[in-house]
file start_14.pdb (PDB, C-alpha atoms, pLDDT in the B column)
ATOM      1  CA  MET I   1     125.805 109.041  86.360  1.00 52.00           C
ATOM      2  CA  PRO I   2     123.537 106.151  85.183  1.00 58.00           C
ATOM      3  CA  ARG I   3     122.466 106.215  81.564  1.00 55.00           C
ATOM      4  CA  ARG I   4     118.880 106.224  80.389  1.00 57.00           C
ATOM      5  CA  ALA I   5     117.373 102.728  80.465  1.00 57.00           C
ATOM      6  CA  ARG I   6     116.272 101.646  77.002  1.00 67.00           C
ATOM      7  CA  ALA I   7     115.179  97.989  77.122  1.00 77.00           C
ATOM      8  CA  PRO I   8     111.628  97.430  78.524  1.00 79.00           C
ATOM      9  CA  GLU I   9     112.972  95.337  81.401  1.00 86.00           C
ATOM     10  CA  ALA I  10     115.545  98.003  82.243  1.00 84.00           C
ATOM     11  CA  LYS I  11     112.907 100.732  82.119  1.00 87.00           C
ATOM     12  CA  ARG I  12     110.669  98.750  84.462  1.00 90.00           C
ATOM     13  CA  ALA I  13     113.548  98.171  86.864  1.00 92.00           C
ATOM     14  CA  ARG I  14     114.449 101.876  86.795  1.00 93.00           C
ATOM     15  CA  HIS I  15     110.796 102.805  87.414  1.00 93.00           C
ATOM     16  CA  LEU I  16     110.620 100.531  90.460  1.00 95.00           C
ATOM     17  CA  ALA I  17     113.958 101.805  91.739  1.00 96.00           C
ATOM     18  CA  LEU I  18     112.745 105.390  91.506  1.00 97.00           C
ATOM     19  CA  LEU I  19     109.654 104.539  93.554  1.00 98.00           C
ATOM     20  CA  GLU I  20     111.877 102.909  96.169  1.00 97.00           C
ATOM     21  CA  HIS I  21     114.015 106.047  96.321  1.00 98.00           C
ATOM     22  CA  ALA I  22     110.866 108.168  96.626  1.00 98.00           C
ATOM     23  CA  ALA I  23     109.627 106.021  99.508  1.00 97.00           C
ATOM     24  CA  GLY I  24     112.954 106.437 101.242  1.00 97.00           C
ATOM     25  CA  LEU I  25     112.798 110.221 100.932  1.00 97.00           C
ATOM     26  CA  LEU I  26     109.299 110.261 102.438  1.00 96.00           C
ATOM     27  CA  ASP I  27     110.312 107.991 105.320  1.00 96.00           C
ATOM     28  CA  GLU I  28     113.279 110.210 106.157  1.00 95.00           C
ATOM     29  CA  ARG I  29     111.011 113.215 106.711  1.00 93.00           C
ATOM     30  CA  PRO I  30     107.774 111.903 108.220  1.00 90.00           C
ATOM     31  CA  ASP I  31     106.501 115.339 109.292  1.00 86.00           C
ATOM     32  CA  ALA I  32     107.346 117.215 106.102  1.00 90.00           C
ATOM     33  CA  PRO I  33     104.523 118.216 103.742  1.00 89.00           C
ATOM     34  CA  LEU I  34     104.053 116.252 100.536  1.00 91.00           C
ATOM     35  CA  LEU I  35     102.389 118.910  98.386  1.00 88.00           C
ATOM     36  CA  GLY I  36     102.944 122.580  99.005  1.00 79.00           C
ATOM     37  CA  GLY I  37     104.504 124.219 102.012  1.00 71.00           C
ATOM     38  CA  HIS I  38     108.100 124.752 103.010  1.00 78.00           C
ATOM     39  CA  GLY I  39     110.511 121.844 103.114  1.00 85.00           C
ATOM     40  CA  GLU I  40     108.556 119.270 101.127  1.00 92.00           C
ATOM     41  CA  ALA I  41     109.616 115.667 101.730  1.00 94.00           C
ATOM     42  CA  LEU I  42     109.833 114.941  98.016  1.00 95.00           C
ATOM     43  CA  THR I  43     110.923 117.137  95.133  1.00 95.00           C
ATOM     44  CA  MET I  44     111.949 116.113  91.653  1.00 95.00           C
ATOM     45  CA  ALA I  45     115.405 117.567  92.283  1.00 95.00           C
ATOM     46  CA  ARG I  46     115.895 115.525  95.459  1.00 96.00           C
ATOM     47  CA  LEU I  47     114.604 112.367  93.798  1.00 97.00           C
ATOM     48  CA  ALA I  48     116.932 112.792  90.826  1.00 97.00           C
ATOM     49  CA  ALA I  49     119.878 113.349  93.146  1.00 97.00           C
ATOM     50  CA  ARG I  50     119.010 110.308  95.260  1.00 97.00           C
ATOM     51  CA  ALA I  51     118.737 108.118  92.153  1.00 96.00           C
ATOM     52  CA  GLY I  52     121.893 109.557  90.615  1.00 95.00           C
ATOM     53  CA  LEU I  53     120.031 110.755  87.525  1.00 95.00           C
ATOM     54  CA  ALA I  54     119.903 114.009  85.643  1.00 95.00           C
ATOM     55  CA  ARG I  55     116.582 115.750  86.211  1.00 94.00           C
ATOM     56  CA  ALA I  56     115.868 115.540  82.478  1.00 94.00           C
ATOM     57  CA  THR I  57     116.228 111.756  82.683  1.00 94.00           C
ATOM     58  CA  LEU I  58     113.885 111.570  85.680  1.00 95.00           C
ATOM     59  CA  TYR I  59     111.211 113.379  83.661  1.00 94.00           C
ATOM     60  CA  LEU I  60     111.308 110.544  81.127  1.00 92.00           C
ATOM     61  CA  TYR I  61     109.760 108.316  83.824  1.00 93.00           C
ATOM     62  CA  PHE I  62     107.567 110.787  85.728  1.00 93.00           C
ATOM     63  CA  ASP I  63     106.446 114.129  84.371  1.00 91.00           C
ATOM     64  CA  SER I  64     105.645 115.606  87.784  1.00 92.00           C
ATOM     65  CA  LYS I  65     105.963 115.075  91.502  1.00 93.00           C
ATOM     66  CA  GLU I  66     102.244 114.315  91.631  1.00 94.00           C
ATOM     67  CA  ALA I  67     102.780 111.428  89.201  1.00 93.00           C
ATOM     68  CA  VAL I  68     105.496 110.043  91.499  1.00 96.00           C
ATOM     69  CA  LEU I  69     103.263 110.281  94.569  1.00 96.00           C
ATOM     70  CA  LEU I  70     100.314 108.618  92.826  1.00 95.00           C
ATOM     71  CA  ALA I  71     102.517 105.800  91.532  1.00 95.00           C
ATOM     72  CA  LEU I  72     103.962 105.284  95.012  1.00 97.00           C
ATOM     73  CA  LEU I  73     100.501 105.213  96.571  1.00 97.00           C
ATOM     74  CA  SER I  74      99.390 102.676  93.962  1.00 97.00           C
ATOM     75  CA  ARG I  75     102.403 100.500  94.795  1.00 97.00           C
ATOM     76  CA  GLU I  76     101.637 100.626  98.514  1.00 97.00           C
ATOM     77  CA  LEU I  77      97.967  99.827  97.905  1.00 97.00           C
ATOM     78  CA  GLU I  78      98.976  96.812  95.821  1.00 97.00           C
ATOM     79  CA  ALA I  79     100.985  95.397  98.726  1.00 97.00           C
ATOM     80  CA  TRP I  80      98.102  96.097 101.133  1.00 98.00           C
ATOM     81  CA  GLN I  81      95.565  94.448  98.826  1.00 97.00           C
ATOM     82  CA  ARG I  82      97.590  91.273  98.409  1.00 97.00           C
ATOM     83  CA  ALA I  83      98.197  90.853 102.138  1.00 97.00           C
ATOM     84  CA  LEU I  84      94.579  91.560 103.118  1.00 97.00           C
ATOM     85  CA  GLU I  85      93.115  89.372 100.379  1.00 97.00           C
ATOM     86  CA  LEU I  86      95.220  86.452 101.611  1.00 96.00           C
ATOM     87  CA  GLU I  87      94.110  87.072 105.203  1.00 96.00           C
ATOM     88  CA  LEU I  88      90.406  87.294 104.342  1.00 97.00           C
ATOM     89  CA  ALA I  89      90.505  84.311 101.980  1.00 96.00           C
ATOM     90  CA  GLY I  90      91.425  82.096 104.945  1.00 94.00           C
ATOM     91  CA  LEU I  91      88.205  82.945 106.803  1.00 95.00           C
ATOM     92  CA  GLU I  92      84.986  80.945 106.569  1.00 90.00           C
ATOM     93  CA  ARG I  93      82.774  83.600 108.128  1.00 87.00           C
ATOM     94  CA  CYS I  94      83.229  86.880 109.938  1.00 90.00           C
ATOM     95  CA  GLU I  95      80.830  89.114 111.859  1.00 91.00           C
ATOM     96  CA  PRO I  96      80.629  92.774 110.765  1.00 91.00           C
ATOM     97  CA  ASP I  97      82.581  94.126 113.737  1.00 94.00           C
ATOM     98  CA  ALA I  98      85.377  91.559 113.391  1.00 95.00           C
ATOM     99  CA  LEU I  99      85.544  92.052 109.627  1.00 95.00           C
ATOM    100  CA  ALA I 100      85.663  95.827 110.013  1.00 96.00           C
ATOM    101  CA  GLY I 101      88.378  95.392 112.622  1.00 96.00           C
ATOM    102  CA  ARG I 102      90.581  93.312 110.341  1.00 97.00           C
ATOM    103  CA  ILE I 103      90.321  95.714 107.419  1.00 97.00           C
ATOM    104  CA  SER I 104      90.739  98.877 109.483  1.00 96.00           C
ATOM    105  CA  ALA I 105      93.727  97.408 111.343  1.00 97.00           C
ATOM    106  CA  SER I 106      95.376  96.476 108.040  1.00 97.00           C
ATOM    107  CA  LEU I 107      94.992 100.020 106.713  1.00 96.00           C
ATOM    108  CA  SER I 108      96.026 101.700 109.962  1.00 95.00           C
ATOM    109  CA  ALA I 109      99.272  99.729 110.002  1.00 96.00           C
ATOM    110  CA  ARG I 110     100.266 101.001 106.536  1.00 96.00           C
ATOM    111  CA  THR I 111     101.890 104.319 107.423  1.00 94.00           C
ATOM    112  CA  ARG I 112     102.811 105.200 103.842  1.00 96.00           C
ATOM    113  CA  ILE I 113      99.235 104.686 102.654  1.00 96.00           C
ATOM    114  CA  ARG I 114      97.954 106.786 105.538  1.00 94.00           C
ATOM    115  CA  ARG I 115     100.301 109.609 104.657  1.00 93.00           C
ATOM    116  CA  LEU I 116      99.866 109.484 100.894  1.00 95.00           C
ATOM    117  CA  ILE I 117      96.082 109.104 100.961  1.00 94.00           C
ATOM    118  CA  THR I 118      95.645 112.621 102.316  1.00 91.00           C
ATOM    119  CA  ILE I 119      97.127 114.192  99.187  1.00 91.00           C
ATOM    120  CA  MET I 120      95.408 111.836  96.737  1.00 93.00           C
ATOM    121  CA  PRO I 121      92.609 114.270  95.746  1.00 91.00           C
ATOM    122  CA  SER I 122      95.048 117.152  95.200  1.00 91.00           C
ATOM    123  CA  ALA I 123      97.517 114.960  93.325  1.00 91.00           C
ATOM    124  CA  LEU I 124      94.774 113.669  91.028  1.00 91.00           C
ATOM    125  CA  GLU I 125      93.644 117.221  90.338  1.00 89.00           C
ATOM    126  CA  ARG I 126      97.123 118.676  89.825  1.00 85.00           C
ATOM    127  CA  THR I 127      98.814 115.927  87.832  1.00 79.00           C
ATOM    128  CA  ARG I 128      99.847 117.326  84.459  1.00 71.00           C
ATOM    129  CA  ALA I 129      98.901 114.343  82.315  1.00 72.00           C
ATOM    130  CA  ARG I 130      95.315 113.158  82.673  1.00 80.00           C
ATOM    131  CA  GLU I 131      96.375 109.606  81.825  1.00 83.00           C
ATOM    132  CA  HIS I 132      98.174 109.442  85.193  1.00 83.00           C
ATOM    133  CA  ALA I 133      94.916 110.173  87.005  1.00 87.00           C
ATOM    134  CA  LEU I 134      92.976 107.715  84.865  1.00 90.00           C
ATOM    135  CA  ARG I 135      95.613 105.030  85.346  1.00 91.00           C
ATOM    136  CA  PHE I 136      95.574 105.531  89.106  1.00 93.00           C
ATOM    137  CA  ARG I 137      91.775 105.249  89.293  1.00 94.00           C
ATOM    138  CA  ARG I 138      91.761 102.099  87.167  1.00 95.00           C
ATOM    139  CA  GLU I 139      94.496 100.588  89.307  1.00 96.00           C
ATOM    140  CA  LEU I 140      92.620 101.478  92.494  1.00 96.00           C
ATOM    141  CA  ARG I 141      89.487  99.793  91.192  1.00 96.00           C
ATOM    142  CA  ARG I 142      91.473  96.704  90.219  1.00 97.00           C
ATOM    143  CA  GLN I 143      93.071  96.584  93.663  1.00 97.00           C
ATOM    144  CA  LEU I 144      89.768  96.969  95.512  1.00 96.00           C
ATOM    145  CA  VAL I 145      87.807  94.368  93.530  1.00 97.00           C
ATOM    146  CA  PRO I 146      89.399  91.297  95.225  1.00 97.00           C
ATOM    147  CA  ILE I 147      88.796  92.818  98.672  1.00 97.00           C
ATOM    148  CA  ALA I 148      85.218  93.638  97.688  1.00 97.00           C
ATOM    149  CA  PHE I 149      84.726  90.021  96.602  1.00 96.00           C
ATOM    150  CA  GLN I 150      85.898  88.801 100.007  1.00 96.00           C
ATOM    151  CA  LEU I 151      83.591  91.285 101.727  1.00 95.00           C
ATOM    152  CA  GLU I 152      80.601  89.982  99.800  1.00 95.00           C
ATOM    153  CA  ARG I 153      81.637  86.366 100.412  1.00 95.00           C
ATOM    154  CA  LEU I 154      81.972  86.862 104.163  1.00 95.00           C
ATOM    155  CA  ARG I 155      78.824  88.999 104.435  1.00 92.00           C
ATOM    156  CA  PRO I 156      76.210  87.318 102.191  1.00 88.00           C
ATOM    157  CA  GLY I 157      73.827  90.221 102.804  1.00 88.00           C
ATOM    158  CA  LEU I 158      75.947  92.357 100.504  1.00 91.00           C
ATOM    159  CA  VAL I 159      74.761  92.100  96.922  1.00 91.00           C
ATOM    160  CA  PRO I 160      77.310  91.970  94.081  1.00 91.00           C
ATOM    161  CA  GLY I 161      78.813  95.404  93.682  1.00 93.00           C
ATOM    162  CA  ALA I 162      78.007  96.527  97.223  1.00 95.00           C
ATOM    163  CA  GLY I 163      81.428  95.529  98.513  1.00 95.00           C
ATOM    164  CA  LEU I 164      83.162  97.866  96.081  1.00 96.00           C
ATOM    165  CA  ARG I 165      80.870 100.755  97.034  1.00 96.00           C
ATOM    166  CA  VAL I 166      81.606 100.112 100.711  1.00 96.00           C
ATOM    167  CA  LEU I 167      85.361 100.222 100.097  1.00 96.00           C
ATOM    168  CA  LEU I 168      85.208 103.389  97.994  1.00 95.00           C
ATOM    169  CA  ALA I 169      83.209 105.090 100.754  1.00 96.00           C
ATOM    170  CA  LEU I 170      85.740 103.821 103.298  1.00 96.00           C
ATOM    171  CA  PHE I 171      88.626 105.365 101.368  1.00 95.00           C
ATOM    172  CA  ALA I 172      86.776 108.663 101.140  1.00 94.00           C
ATOM    173  CA  GLN I 173      86.413 108.618 104.931  1.00 94.00           C
ATOM    174  CA  LEU I 174      90.059 107.613 105.351  1.00 94.00           C
ATOM    175  CA  VAL I 175      91.207 110.773 103.541  1.00 92.00           C
ATOM    176  CA  GLY I 176      89.446 112.992 106.076  1.00 89.00           C
ATOM    177  CA  LEU I 177      90.150 110.940 109.186  1.00 89.00           C
ATOM    178  CA  GLN I 178      93.844 110.687 108.430  1.00 89.00           C
ATOM    179  CA  ALA I 179      94.063 114.449 108.021  1.00 81.00           C
ATOM    180  CA  LEU I 180      92.669 114.788 111.556  1.00 78.00           C
ATOM    181  CA  CYS I 181      94.995 112.114 112.921  1.00 77.00           C
ATOM    182  CA  GLU I 182      98.159 113.563 111.398  1.00 70.00           C
ATOM    183  CA  PRO I 183      97.891 117.356 111.203  1.00 60.00           C
ATOM    184  CA  ALA I 184     100.912 119.488 110.454  1.00 56.00           C
ATOM    185  CA  SER I 185     103.435 119.492 113.286  1.00 52.00           C
ATOM    186  CA  ARG I 186     102.629 123.113 114.212  1.00 56.00           C
ATOM    187  CA  ASP I 187      98.901 122.307 114.432  1.00 59.00           C
ATOM    188  CA  ARG I 188      99.652 119.175 116.442  1.00 58.00           C
ATOM    189  CA  GLN I 189     101.643 121.172 119.002  1.00 63.00           C
ATOM    190  CA  ALA I 190      98.881 123.751 119.323  1.00 64.00           C
ATOM    191  CA  ALA I 191      96.202 121.074 119.771  1.00 60.00           C
ATOM    192  CA  ALA I 192      98.245 119.361 122.481  1.00 60.00           C
ATOM    193  CA  GLN I 193      98.146 122.584 124.512  1.00 70.00           C
ATOM    194  CA  ALA I 194      94.425 123.201 124.024  1.00 73.00           C
ATOM    195  CA  PRO I 195      92.082 120.956 126.062  1.00 71.00           C
ATOM    196  CA  ASP I 196      89.060 122.217 124.114  1.00 72.00           C
ATOM    197  CA  LEU I 197      90.506 120.696 120.919  1.00 66.00           C
ATOM    198  CA  ARG I 198      90.628 117.131 122.221  1.00 68.00           C
ATOM    199  CA  LEU I 199      87.795 116.295 119.836  1.00 66.00           C
ATOM    200  CA  PHE I 200      90.298 116.553 116.986  1.00 65.00           C
ATOM    201  CA  ARG I 201      92.778 114.092 118.492  1.00 71.00           C
ATOM    202  CA  VAL I 202      91.556 111.124 116.513  1.00 75.00           C
ATOM    203  CA  ASP I 203      92.738 107.536 116.932  1.00 86.00           C
ATOM    204  CA  LEU I 204      92.455 106.266 113.375  1.00 90.00           C
ATOM    205  CA  GLU I 205      91.967 102.517 113.813  1.00 94.00           C
ATOM    206  CA  PRO I 206      88.848 102.538 116.037  1.00 94.00           C
ATOM    207  CA  GLU I 207      87.333 105.434 114.089  1.00 93.00           C
ATOM    208  CA  LEU I 208      87.906 103.620 110.808  1.00 95.00           C
ATOM    209  CA  ARG I 209      86.519 100.394 112.236  1.00 96.00           C
ATOM    210  CA  GLY I 210      83.313 102.145 113.301  1.00 96.00           C
ATOM    211  CA  VAL I 211      82.914 103.754 109.887  1.00 96.00           C
ATOM    212  CA  LEU I 212      83.383 100.461 108.057  1.00 96.00           C
ATOM    213  CA  ARG I 213      81.034  98.564 110.361  1.00 95.00           C
ATOM    214  CA  ALA I 214      78.357 101.203 109.779  1.00 95.00           C
ATOM    215  CA  LEU I 215      78.883 101.017 106.002  1.00 95.00           C
ATOM    216  CA  ILE I 216      78.551  97.220 105.987  1.00 93.00           C
ATOM    217  CA  GLU I 217      75.425  97.297 108.148  1.00 91.00           C
ATOM    218  CA  SER I 218      73.925 100.101 106.062  1.00 90.00           C
ATOM    219  CA  HIS I 219      74.264  98.134 102.833  1.00 86.00           C
ATOM    220  CA  ASN I 220      72.821  95.064 104.546  1.00 78.00           C
ATOM    221  CA  ARG I 221      69.800  97.101 105.624  1.00 59.00           C
ATOM    222  CA  GLN I 222      69.344  98.467 102.098  1.00 57.00           C
ATOM    223  CA  LEU I 223      69.083  94.892 100.852  1.00 50.00           C
ATOM    224  CA  VAL I 224      66.500  93.969 103.490  1.00 47.00           C
ATOM    225  CA  SER I 225      64.390  97.056 102.825  1.00 48.00           C
TER     226      SER I 225
END

call {"tool": "encode", "arguments": {"input": "start_14.pdb", "output": "structure tokens"}}
result
Amino acid sequence: MPRRARAPEAKRARHLALLEHAAGLLDERPDAPLLGGHGEALTMARLAARAGLARATLYLYFDSKEAVLLALLSRELEAWQRALELELAGLERCEPDALAGRISASLSARTRIRRLITIMPSALERTRAREHALRFRRELRRQLVPIAFQLERLRPGLVPGAGLRVLLALFAQLVGLQALCEPASRDRQAAAQAPDLRLFRVDLEPELRGVLRALIESHNRQLVS
């Protein structure tokens, strides 16, 4: 069994390796719940076993499952932010619908973000150490700022700071929309057999695109008025 990492570089490598193991466990069980419910995709016991660590050693890196999930979501958001920032930086101008389409398509393609985002509010509330929640929020703000800058650059009608408000509102909408798009497997089976529930069969990308376009146009109108 691997020993506890002691050097800073070794600790960082172990931390990243644990997140990779956690991602693998989630990918193996795409329909399993993340928080609560029977047969959760990720437990501290399963993560320790996958990493070949004693559970006590795992708790030296993450004090709860919620801390693992938040750290994994932050890692996935970092990769999304870097890819989208590079894509948007190459544009000279972009109409609201096209801009909303690019951003919504980039989020819709990130299946781990889509899955993890639905438990973000509960994980932030339930995490044992408040510093984990504060760290996640600070990281999220840092990750959104470059995208907000590109939004304001491509849509001059957005005043400084408006881009960040648009993105925060978009993420709030994403939490709810994703929950409708990916209900529990039992609910999904029931909805498929009930024609009157077609309203709840949501296609995320076009819904998200419409929400973002409306947010951009709304902040443009606020500036004009």

call {"tool": "resolve_selection", "arguments": {"input": "start_14.pdb", "expression": "the PyMOL selection byres ((chain I and resi 123) around 10)", "output": "NGL selection string"}}
result
:I and (34-35 or 64-70 or 116-122 or 124-128 or 132-133)

call {"tool": "residues_around", "arguments": {"input": "start_14.pdb", "residues": "Ala79 of chain I", "least_positions_apart": "6", "cutoff": "12 Å", "atoms": "all atoms listed in the file", "output": "PyMOL selection string"}}
result
chain I and resi 72-73+85-86+106-107+110+112-113+143-144

call {"tool": "closest_residue", "arguments": {"input": "start_14.pdb", "among": "I:Pro195, I:Glu205, I:Ser218, I:Arg135", "to": "Ala162 of chain I", "atoms": "all atoms listed in the file"}}
result
I:Ser218

call {"tool": "atom_distance", "arguments": {"input": "start_14.pdb", "atom1": "atom CA of Lys11 of chain I", "atom2": "atom CA of Ala23 of chain I"}}
result
18.5 Å

call {"tool": "residues_around", "arguments": {"input": "start_14.pdb", "residues": "Ala71 of chain I", "least_positions_apart": "4", "cutoff": "8 Å", "atoms": "all atoms listed in the file", "output": "mmCIF file with C-alpha atoms, in the coordinates of the input"}}
result
data_model
loop_
_atom_site.group_PDB
_atom_site.id
_atom_site.type_symbol
_atom_site.label_atom_id
_atom_site.label_comp_id
_atom_site.auth_asym_id
_atom_site.auth_seq_id
_atom_site.Cartn_x
_atom_site.Cartn_y
_atom_site.Cartn_z
ATOM 1 C CA LEU I 19 109.654 104.539 93.554
ATOM 2 C CA ALA I 67 102.780 111.428 89.201
ATOM 3 C CA ARG I 75 102.403 100.500 94.795
ATOM 4 C CA PHE I 136 95.574 105.531 89.106
#

call {"tool": "closest_residue", "arguments": {"input": "start_14.pdb", "among": "I:Ala51, I:Asp97, I:Leu204, I:Arg46", "to": "Val175 of chain I", "atoms": "all atoms listed in the file"}}
result
I:Leu204

call {"tool": "decode", "arguments": {"input": "start_14.pdb", "residues": "segment 14-31 of chain I", "atoms": "N, CA and C atoms", "output": "short mmCIF file (atom, residue, chain, number, x, y, z; two decimals), in the first residue's frame"}}
result
data_model
loop_
_atom_site.label_atom_id
_atom_site.label_comp_id
_atom_site.auth_asym_id
_atom_site.auth_seq_id
_atom_site.Cartn_x
_atom_site.Cartn_y
_atom_site.Cartn_z
N ARG I 14 -0.28 13.36 -5.51
CA ARG I 14 -1.24 12.44 -4.91
C ARG I 14 -2.65 13.03 -5.00
N HIS I 15 -2.77 14.34 -4.73
CA HIS I 15 -4.05 15.03 -4.80
C HIS I 15 -4.64 14.91 -6.20
N LEU I 16 -3.84 15.17 -7.21
CA LEU I 16 -4.31 15.08 -8.59
C LEU I 16 -4.67 13.65 -8.96
N ALA I 17 -3.88 12.70 -8.48
CA ALA I 17 -4.17 11.29 -8.76
C ALA I 17 -5.49 10.86 -8.14
N LEU I 18 -5.77 11.34 -6.94
CA LEU I 18 -7.03 11.01 -6.29
C LEU I 18 -8.22 11.57 -7.07
N LEU I 19 -8.08 12.78 -7.60
CA LEU I 19 -9.16 13.35 -8.42
C LEU I 19 -9.36 12.53 -9.69
N GLU I 20 -8.27 12.05 -10.27
CA GLU I 20 -8.39 11.22 -11.47
C GLU I 20 -9.10 9.91 -11.14
N HIS I 21 -8.78 9.32 -10.01
CA HIS I 21 -9.47 8.10 -9.58
C HIS I 21 -10.96 8.39 -9.34
N ALA I 22 -11.25 9.53 -8.72
CA ALA I 22 -12.64 9.89 -8.46
C ALA I 22 -13.42 10.06 -9.77
N ALA I 23 -12.79 10.69 -10.75
CA ALA I 23 -13.43 10.86 -12.05
C ALA I 23 -13.72 9.51 -12.69
N GLY I 24 -12.78 8.60 -12.56
CA GLY I 24 -12.98 7.27 -13.12
C GLY I 24 -14.15 6.54 -12.48
N LEU I 25 -14.28 6.67 -11.17
CA LEU I 25 -15.40 6.03 -10.46
C LEU I 25 -16.74 6.61 -10.92
N LEU I 26 -16.79 7.92 -11.13
CA LEU I 26 -18.03 8.54 -11.60
C LEU I 26 -18.36 8.08 -13.02
N ASP I 27 -17.36 8.01 -13.87
CA ASP I 27 -17.59 7.62 -15.27
C ASP I 27 -18.07 6.18 -15.37
N GLU I 28 -17.63 5.34 -14.45
CA GLU I 28 -18.02 3.93 -14.49
C GLU I 28 -19.50 3.73 -14.15
N ARG I 29 -20.07 4.67 -13.43
CA ARG I 29 -21.47 4.53 -13.00
C ARG I 29 -22.22 5.82 -13.31
N PRO I 30 -22.49 6.06 -14.59
CA PRO I 30 -23.07 7.34 -15.00
C PRO I 30 -24.48 7.60 -14.48
N ASP I 31 -25.22 6.56 -14.11
CA ASP I 31 -26.58 6.75 -13.63
C ASP I 31 -26.70 6.69 -12.11
#
